[in-house]
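Source file: query-v3.json; contents: JSON, C-alpha atoms.
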```
[["chain", "number", "residue", "atom", "x", "y", "z"],
["A", 1, "PRO", "CA", -2.53, -18.78, 14.49],
["A", 2, "HIS", "CA", -5.90, -17.05, 14.83],
["A", 3, "LYS", "CA", -9.01, -18.47, 13.17],
["A", 4, "ASP", "CA", -10.98, -16.69, 10.43],
["A", 5, "THR", "CA", -8.68, -13.81, 9.60],
["A", 6, "PHE", "CA", -9.20, -11.25, 6.82],
["A", 7, "TYR", "CA", -6.53, -9.35, 4.86],
["A", 8, "ALA", "CA", -6.47, -7.03, 1.85],
["A", 9, "ILE", "CA", -5.47, -8.33, -1.57],
["A", 10, "ASP", "CA", -2.08, -7.15, -2.91],
["A", 11, "THR", "CA", -0.60, -6.75, 0.57],
["A", 12, "LYS", "CA", 2.24, -8.60, 2.27],
["A", 13, "VAL", "CA", 0.80, -10.87, 4.94],
["A", 14, "THR", "CA", 2.65, -13.09, 7.41],
["A", 15, "ILE", "CA", 1.06, -15.78, 9.56],
["A", 16, "THR", "CA", 3.16, -17.47, 12.23],
["A", 17, "CYS", "CA", 3.16, -20.94, 13.75],
["A", 18, "ASN", "CA", 4.87, -20.95, 17.16],
["A", 19, "ALA", "CA", 6.19, -24.16, 18.69],
["A", 20, "ASN", "CA", 6.39, -24.45, 22.48],
["A", 21, "THR", "CA", 9.90, -25.90, 22.25],
["A", 22, "LYS", "CA", 12.99, -25.92, 20.05],
["A", 23, "VAL", "CA", 12.15, -28.10, 17.06],
["A", 24, "ILE", "CA", 14.71, -30.61, 15.84],
["A", 25, "GLY", "CA", 12.63, -31.81, 12.87],
["A", 26, "GLU", "CA", 10.70, -29.87, 10.28],
["A", 27, "ILE", "CA", 7.88, -27.37, 10.59],
["A", 28, "LYS", "CA", 5.55, -27.61, 7.59],
["A", 29, "TRP", "CA", 2.56, -25.59, 6.37],
["A", 30, "TYR", "CA", -0.52, -27.19, 4.79],
["A", 31, "THR", "CA", -3.73, -26.05, 3.12],
["A", 32, "LYS", "CA", -6.90, -27.95, 3.91],
["A", 33, "GLU", "CA", -9.91, -28.41, 1.63],
["A", 34, "GLY", "CA", -12.50, -30.70, 3.18],
["A", 35, "GLU", "CA", -10.48, -33.59, 4.59],
["A", 36, "THR", "CA", -7.67, -33.19, 2.04],
["A", 37, "GLU", "CA", -4.42, -31.59, 3.19],
["A", 38, "LYS", "CA", -1.78, -30.38, 0.76],
["A", 39, "GLU", "CA", 1.70, -29.24, 1.74],
["A", 40, "VAL", "CA", 2.41, -25.59, 0.97],
["A", 41, "VAL", "CA", 5.38, -25.15, -1.36],
["A", 42, "GLU", "CA", 7.44, -21.97, -1.49],
["A", 43, "GLU", "CA", 7.41, -19.89, -4.66],
["A", 44, "ALA", "CA", 10.06, -17.16, -4.76],
["A", 45, "GLY", "CA", 8.57, -13.68, -4.69],
["A", 46, "VAL", "CA", 5.05, -15.08, -4.21],
["A", 47, "LEU", "CA", 4.88, -17.36, -1.18],
["A", 48, "GLU", "CA", 7.76, -17.83, 1.25],
["A", 49, "ILE", "CA", 8.32, -19.91, 4.39],
["A", 50, "GLU", "CA", 10.79, -18.76, 7.02],
["A", 51, "ILE", "CA", 11.82, -20.99, 9.91],
["A", 52, "GLY", "CA", 13.44, -19.40, 12.93],
["A", 53, "GLU", "CA", 14.03, -19.44, 16.65],
["A", 54, "ASN", "CA", 12.67, -16.97, 19.18],
["A", 55, "GLU", "CA", 15.74, -15.32, 20.75],
["A", 56, "ALA", "CA", 14.08, -14.88, 24.15],
["A", 57, "THR", "CA", 12.63, -18.39, 24.58],
["A", 58, "GLY", "CA", 14.64, -20.54, 22.18],
["A", 59, "ASN", "CA", 11.35, -21.92, 20.81],
["A", 60, "SER", "CA", 11.03, -22.51, 17.07],
["A", 61, "TYR", "CA", 8.56, -20.82, 14.73],
["A", 62, "ALA", "CA", 7.58, -20.93, 11.07],
["A", 63, "GLU", "CA", 6.25, -17.96, 9.13],
["A", 64, "LEU", "CA", 4.11, -18.31, 6.02],
["A", 65, "ILE", "CA", 4.59, -15.10, 4.03],
["A", 66, "PHE", "CA", 2.26, -14.05, 1.22],
["A", 67, "VAL", "CA", 4.42, -11.53, -0.65],
["A", 68, "SER", "CA", 1.45, -10.02, -2.50],
["A", 69, "ALA", "CA", -1.73, -11.85, -1.52],
["A", 70, "THR", "CA", -4.37, -12.79, -4.10],
["A", 71, "LYS", "CA", -7.96, -13.96, -3.79],
["A", 72, "ASP", "CA", -6.72, -17.48, -4.64],
["A", 73, "ASP", "CA", -4.73, -17.48, -1.38],
["A", 74, "SER", "CA", -8.02, -17.52, 0.55],
["A", 75, "LYS", "CA", -7.87, -20.98, 2.13],
["A", 76, "THR", "CA", -7.65, -22.85, 5.40],
["A", 77, "TYR", "CA", -4.06, -23.27, 6.63],
["A", 78, "LEU", "CA", -2.42, -25.27, 9.40],
["A", 79, "CYS", "CA", 1.14, -26.04, 10.40],
["A", 80, "GLU", "CA", 2.73, -29.27, 11.54],
["A", 81, "VAL", "CA", 5.51, -29.45, 14.13],
["A", 82, "GLU", "CA", 7.12, -32.86, 14.66],
["A", 83, "GLU", "CA", 3.97, -34.60, 13.37],
["A", 84, "ILE", "CA", 1.63, -32.57, 15.61],
["A", 85, "LYS", "CA", -0.79, -30.38, 13.66],
["A", 86, "SER", "CA", -1.88, -26.94, 14.77],
["A", 87, "SER", "CA", -5.39, -25.62, 14.86],
["A", 88, "GLU", "CA", -6.71, -24.47, 11.49],
["A", 89, "ILE", "CA", -6.76, -20.86, 10.38],
["A", 90, "ALA", "CA", -9.16, -19.76, 7.66],
["A", 91, "ILE", "CA", -7.73, -16.82, 5.77],
["A", 92, "ALA", "CA", -9.73, -14.67, 3.37],
["A", 93, "PHE", "CA", -8.22, -11.98, 1.19],
["A", 94, "TYR", "CA", -10.58, -9.23, 0.08],
["A", 95, "PRO", "CA", -10.26, -6.53, -2.60],
["A", 96, "VAL", "CA", -9.57, -2.94, -1.65],
["A", 97, "VAL", "CA", -12.07, -0.49, -3.10],
["A", 98, "THR", "CA", -11.57, 3.26, -3.22],
["A", 99, "LYS", "CA", -14.37, 5.72, -3.79],
["A", 100, "SER", "CA", -14.84, 9.41, -4.40],
["A", 101, "GLU", "CA", -15.81, 11.83, -1.67],
["A", 102, "PRO", "CA", -19.55, 12.38, -1.08],
["A", 103, "VAL", "CA", -21.12, 14.59, -3.73],
["A", 104, "SER", "CA", -24.27, 16.65, -3.99],
["A", 105, "ALA", "CA", -25.90, 18.36, -6.95],
["A", 106, "LEU", "CA", -28.98, 20.30, -7.90],
["A", 107, "GLU", "CA", -31.84, 18.31, -9.35],
["A", 108, "GLY", "CA", -31.28, 17.61, -13.04],
["A", 109, "GLN", "CA", -27.53, 18.21, -12.89],
["A", 110, "PRO", "CA", -25.16, 15.35, -13.74],
["A", 111, "VAL", "CA", -23.18, 13.84, -10.89],
["A", 112, "THR", "CA", -19.92, 11.93, -11.28],
["A", 113, "MET", "CA", -18.91, 9.35, -8.69],
["A", 114, "THR", "CA", -15.80, 7.25, -9.08],
["A", 115, "CYS", "CA", -14.98, 3.83, -7.72],
["A", 116, "SER", "CA", -11.75, 1.89, -8.23],
["A", 117, "ALA", "CA", -11.94, -1.84, -7.64],
["A", 118, "PRO", "CA", -9.90, -4.87, -8.73],
["A", 119, "GLU", "CA", -10.67, -6.32, -12.15],
["A", 120, "GLY", "CA", -13.71, -8.56, -12.07],
["A", 121, "ALA", "CA", -15.14, -7.07, -8.86],
["A", 122, "ALA", "CA", -18.86, -6.29, -8.86],
["A", 123, "VAL", "CA", -19.57, -2.64, -8.04],
["A", 124, "THR", "CA", -23.00, -1.47, -6.94],
["A", 125, "PHE", "CA", -24.13, 2.11, -6.37],
["A", 126, "TYR", "CA", -26.83, 2.98, -3.86],
["A", 127, "MET", "CA", -28.85, 6.07, -3.07],
["A", 128, "GLY", "CA", -29.79, 5.70, 0.55],
["A", 129, "GLU", "CA", -30.86, 2.05, 0.81],
["A", 130, "GLU", "CA", -32.00, 1.79, -2.82],
["A", 131, "LYS", "CA", -29.82, 0.12, -5.43],
["A", 132, "LEU", "CA", -29.32, 2.25, -8.55],
["A", 133, "THR", "CA", -29.80, 0.61, -11.93],
["A", 134, "ASP", "CA", -27.24, 0.51, -14.73],
["A", 135, "ASP", "CA", -28.65, 1.91, -17.95],
["A", 136, "GLY", "CA", -25.95, 0.14, -19.98],
["A", 137, "GLU", "CA", -24.23, 3.27, -21.30],
["A", 138, "GLU", "CA", -20.74, 4.00, -20.03],
["A", 139, "GLU", "CA", -21.44, 2.66, -16.54],
["A", 140, "THR", "CA", -24.06, 5.32, -15.85],
["A", 141, "PHE", "CA", -26.77, 4.80, -13.28],
["A", 142, "THR", "CA", -30.19, 6.38, -13.08],
["A", 143, "LYS", "CA", -32.55, 7.32, -10.30],
["A", 144, "LYS", "CA", -36.06, 8.43, -11.17],
["A", 145, "GLU", "CA", -37.00, 10.20, -7.94],
["A", 146, "LYS", "CA", -35.30, 13.41, -6.84],
["A", 147, "SER", "CA", -32.75, 13.24, -4.07],
["A", 148, "THR", "CA", -29.23, 14.43, -3.36],
["A", 149, "ASP", "CA", -28.34, 11.63, -0.97],
["A", 150, "TRP", "CA", -25.99, 9.33, -2.91],
["A", 151, "THR", "CA", -23.98, 6.61, -1.21],
["A", 152, "LEU", "CA", -21.41, 4.21, -2.57],
["A", 153, "ARG", "CA", -21.08, 0.99, -0.58]]
```

How does this structure look as structure tokens?
Amino acid sequence: PHKDTFYAIDTKVTITCNANTKVIGEIKWYTKEGETEKEVVEEAGVLEIEIGENEATGNSYAELIFVSATKDDSKTYLCEVEEIKSSEIAIAFYPVVTKSEPVSALEGQPVTMTCSAPEGAAVTFYMGEEKLTDDGEEETFTKKEKSTDWTLR
């Protein structure tokens, strides 16, 4: 596996542990928090483990499949083949944010910008490099100086 890998939340993600031989025993996946390792347990439709054999080489592999990844799946993982542990892979799942197309307006005219983000995500609007402030009414933001350069980051 690769170290420090990032994936989008709500997507199907597969990480693979490849053995350099045909494995007679088990291949297991673990999460690691500090020095504590915990075996990963399959949960149908959520987290699956598939064990197989590479047709070309005959070597064994184990896939850890996140059916629909969540932020809680962001952990450090490693696999174990015949009591030999792999290198660790830190996986982070991030939310997908969609935004409206760039807009421009005449001074004094209202502007509507939309942003869709997962529940609980913090959304911040910027104009250029300056953070816009929330006035507390229906998620509206105000900017006191005139400008038509609005950016959502």

Coordinates of box centre and edge lengths for range 25-43 of chain A, 4 Å on every side, axis-aligned, as lines of an AutoDock Vina configuration file:
```
center_x = 0.1
center_y = -26.7
center_z = 4.1
size_x = 33.1
size_y = 21.7
size_z = 25.5
```

Next on the checklist: Please return as a ChimeraX atom specification every residue within 9 Å of (-16.7, 7.6, -6.8), taking into account all atoms listed in the file and the file's own coordinates.
Outcome noted: /A:98-103,112-116,152

Checklist entry - Can you tell me how far CA of Lys38 in chain A sits from CA of Ser68 in chain A, in Å to one decimal? => result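 Spanning CA of Lys38 in chain A to CA of Ser68 in chain A is a straight-line distance of 20.9 Å.
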
Item to check | Atomic distance CA of Ala92 in chain A - CA of Gly45 in chain A, expressed in Å with one decimal | outcome: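 Those two atoms sit 20.0 Å apart.
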
Checklist outcome for this item: note - CA of Val41 in chain A and CA of Val67 in chain A are separated by 13.7 Å

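For the set A:Tyr61, A:Phe66, A:Thr124, A:Val46, the residue with the smallest atom-to-atom gap to Cys79 in chain A is A:Tyr61, counting only C-alpha atoms.
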